[in-house]
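Undergrad: My structure is below; once you've seen it, I'll send some questions.
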Amino acid sequence: MALTAIQTIAFIFIIFGLIKVLVVIFNKKAWYNGVFRKIYSKPKTWGFVYLMLAIIVFYYLIPAVDIIDFMASAALIGLLMGIAFMSYSKELSSLGKEVYSKKIGGWARVTMIIWAVLTIWALYEIFLV
């Protein structure tokens, strides 16, 4: 059975997700030391890797779903992440205070530009098409 590009992306995401969940359930420190610290110790490199992967996924995803479906799915993921982050509200409050006291730059600026473009595109599709 040959998988489509979208199925391949979903399959890879599922496999990595299952591995992460299992490792975190049985040994959180292994995930922290083996993956988390390595990724976040090299933000320029991994930021670029994440951006390239996002572009590739978006390239294959957007012909399969319209921007409205894409943004609705993003809303669901954002809400699920928000629920997960509530477990760490005290720590995130401190982090938020630090983050919001600085200028927006680096990968945060890139991400904000991408979200702005996607939002304007979605609004265009909803109200003008």
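Ordered as shown in the structure tokens, chains take letters A, B, and onward, while each chain numbers its residues from 1 and ligands are numbered from 1 in the order shown.
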Any idea what's packed within 12 Å of Gly47 (chain A), counting only C-alpha atoms, ignoring anything in its chain fewer than 6 positions away? Could you give it as a list in words?
TA: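 Counting only the stated atoms, we get Ile39, Tyr40, Ser41, Leu53, Ala54, Gly106, Trp107, Ala108, Arg109, Val110 and Thr111 of chain A.
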Undergrad: For Val24 (chain A), work out the shell of residues within 12 Å, counting only C-alpha atoms and skipping chain neighbours fewer than 6 positions away, then give it as a list of chain:residue names.
TA: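 Residues meeting the cut-off are A:Gly17, A:Leu18, A:Ala30, A:Trp31, A:Tyr32, A:Asn33, A:Gly34, A:Val35, A:Phe36.
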Undergrad: Could you dump the residues just selected with all heavy atoms as a PDB file, in the first residue's frame?
TA:
```pdb
ATOM      1  N   GLY A  17       5.264  11.089  17.676  1.00  0.00           N
ATOM      2  CA  GLY A  17       4.390  11.396  18.810  1.00  0.00           C
ATOM      3  C   GLY A  17       4.276  10.234  19.776  1.00  0.00           C
ATOM      4  O   GLY A  17       4.361  10.415  21.000  1.00  0.00           O
ATOM      5  N   LEU A  18       4.088   9.032  19.241  1.00  0.00           N
ATOM      6  CA  LEU A  18       3.997   7.842  20.100  1.00  0.00           C
ATOM      7  C   LEU A  18       5.303   7.584  20.849  1.00  0.00           C
ATOM      8  O   LEU A  18       5.296   7.266  22.041  1.00  0.00           O
ATOM      9  CB  LEU A  18       3.614   6.612  19.282  1.00  0.00           C
ATOM     10  CG  LEU A  18       2.166   6.547  18.805  1.00  0.00           C
ATOM     11  CD1 LEU A  18       1.975   5.374  17.852  1.00  0.00           C
ATOM     12  CD2 LEU A  18       1.212   6.453  19.981  1.00  0.00           C
ATOM     13  N   ALA A  30      15.005  11.131  30.290  1.00  0.00           N
ATOM     14  CA  ALA A  30      15.617  10.659  29.044  1.00  0.00           C
ATOM     15  C   ALA A  30      15.204  11.570  27.886  1.00  0.00           C
ATOM     16  O   ALA A  30      16.031  11.918  27.041  1.00  0.00           O
ATOM     17  CB  ALA A  30      15.222   9.215  28.759  1.00  0.00           C
ATOM     18  N   TRP A  31      13.941  11.950  27.841  1.00  0.00           N
ATOM     19  CA  TRP A  31      13.481  12.850  26.776  1.00  0.00           C
ATOM     20  C   TRP A  31      14.112  14.223  26.943  1.00  0.00           C
ATOM     21  O   TRP A  31      14.587  14.815  25.975  1.00  0.00           O
ATOM     22  CB  TRP A  31      11.961  12.970  26.767  1.00  0.00           C
ATOM     23  CG  TRP A  31      11.485  13.758  25.590  1.00  0.00           C
ATOM     24  CD1 TRP A  31      11.185  15.083  25.546  1.00  0.00           C
ATOM     25  CD2 TRP A  31      11.324  13.275  24.259  1.00  0.00           C
ATOM     26  NE1 TRP A  31      10.840  15.455  24.280  1.00  0.00           N
ATOM     27  CE2 TRP A  31      10.918  14.359  23.467  1.00  0.00           C
ATOM     28  CE3 TRP A  31      11.479  12.031  23.672  1.00  0.00           C
ATOM     29  CZ2 TRP A  31      10.666  14.234  22.118  1.00  0.00           C
ATOM     30  CZ3 TRP A  31      11.219  11.904  22.321  1.00  0.00           C
ATOM     31  CH2 TRP A  31      10.822  13.001  21.552  1.00  0.00           C
ATOM     32  N   TYR A  32      14.143  14.699  28.176  1.00  0.00           N
ATOM     33  CA  TYR A  32      14.713  16.023  28.440  1.00  0.00           C
ATOM     34  C   TYR A  32      16.182  16.066  28.028  1.00  0.00           C
ATOM     35  O   TYR A  32      16.596  16.975  27.312  1.00  0.00           O
ATOM     36  CB  TYR A  32      14.562  16.382  29.921  1.00  0.00           C
ATOM     37  CG  TYR A  32      15.234  17.691  30.275  1.00  0.00           C
ATOM     38  CD1 TYR A  32      14.658  18.904  29.918  1.00  0.00           C
ATOM     39  CD2 TYR A  32      16.447  17.700  30.940  1.00  0.00           C
ATOM     40  CE1 TYR A  32      15.287  20.097  30.225  1.00  0.00           C
ATOM     41  CE2 TYR A  32      17.083  18.884  31.253  1.00  0.00           C
ATOM     42  CZ  TYR A  32      16.492  20.092  30.890  1.00  0.00           C
ATOM     43  OH  TYR A  32      17.116  21.270  31.179  1.00  0.00           O
ATOM     44  N   ASN A  33      16.960  15.097  28.473  1.00  0.00           N
ATOM     45  CA  ASN A  33      18.393  15.093  28.184  1.00  0.00           C
ATOM     46  C   ASN A  33      18.712  14.672  26.753  1.00  0.00           C
ATOM     47  O   ASN A  33      19.638  15.199  26.140  1.00  0.00           O
ATOM     48  CB  ASN A  33      19.136  14.167  29.161  1.00  0.00           C
ATOM     49  CG  ASN A  33      19.139  14.724  30.564  1.00  0.00           C
ATOM     50  OD1 ASN A  33      19.278  15.922  30.776  1.00  0.00           O
ATOM     51  ND2 ASN A  33      18.963  13.845  31.539  1.00  0.00           N
ATOM     52  N   GLY A  34      17.939  13.737  26.218  1.00  0.00           N
ATOM     53  CA  GLY A  34      18.231  13.196  24.896  1.00  0.00           C
ATOM     54  C   GLY A  34      17.709  14.019  23.741  1.00  0.00           C
ATOM     55  O   GLY A  34      18.279  14.000  22.656  1.00  0.00           O
ATOM     56  N   VAL A  35      16.628  14.759  23.952  1.00  0.00           N
ATOM     57  CA  VAL A  35      16.012  15.492  22.846  1.00  0.00           C
ATOM     58  C   VAL A  35      15.862  16.979  23.175  1.00  0.00           C
ATOM     59  O   VAL A  35      16.412  17.834  22.485  1.00  0.00           O
ATOM     60  CB  VAL A  35      14.629  14.888  22.479  1.00  0.00           C
ATOM     61  CG1 VAL A  35      13.976  15.665  21.352  1.00  0.00           C
ATOM     62  CG2 VAL A  35      14.768  13.421  22.112  1.00  0.00           C
ATOM     63  N   PHE A  36      15.112  17.278  24.206  1.00  0.00           N
ATOM     64  CA  PHE A  36      14.752  18.659  24.529  1.00  0.00           C
ATOM     65  C   PHE A  36      15.976  19.566  24.651  1.00  0.00           C
ATOM     66  O   PHE A  36      16.057  20.610  23.999  1.00  0.00           O
ATOM     67  CB  PHE A  36      13.924  18.686  25.827  1.00  0.00           C
ATOM     68  CG  PHE A  36      13.426  20.046  26.203  1.00  0.00           C
ATOM     69  CD1 PHE A  36      12.200  20.493  25.745  1.00  0.00           C
ATOM     70  CD2 PHE A  36      14.183  20.874  27.020  1.00  0.00           C
ATOM     71  CE1 PHE A  36      11.735  21.747  26.086  1.00  0.00           C
ATOM     72  CE2 PHE A  36      13.720  22.125  27.369  1.00  0.00           C
ATOM     73  CZ  PHE A  36      12.503  22.569  26.902  1.00  0.00           C
TER      74      PHE A  36
END
```
Undergrad: Nearest to Leu118 (chain A): which of A:Lys20, A:Gly96, A:Ala74, A:Arg37 is it, counting only C-alpha atoms?
TA: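 Looking at the shortest contact to Leu118 (chain A), the residue is A:Ala74.
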Undergrad: Using only C-alpha atoms for the distances, tell me which of A:Val129, A:Val57, A:Ile104, A:Ala116 is nearest to Ala10 (chain A).
TA: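 That would be A:Val57, the residue with the smallest distance to Ala10 (chain A).
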Undergrad: Interatomic distance between CA of Tyr59 (chain A) and CA of Ile6 (chain A)?
TA: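 Answer for the CA of Tyr59 (chain A) to CA of Ile6 (chain A) separation: 10.1 Å.
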Undergrad: My list of candidates is A:Leu51, A:Ile9, A:Ile67, A:Leu95. Which is closest to Ile126 (chain A) when distances are computed with only C-alpha atoms?
TA: A:Ile67
Undergrad: Per DSSP on the backbone, what are the alpha helix (DSSP H) residues of chain A, as a PyMOL selection string?
TA: chain A and resi 5-26+28-31+37-40+43-61+67-85+89-100+106-127
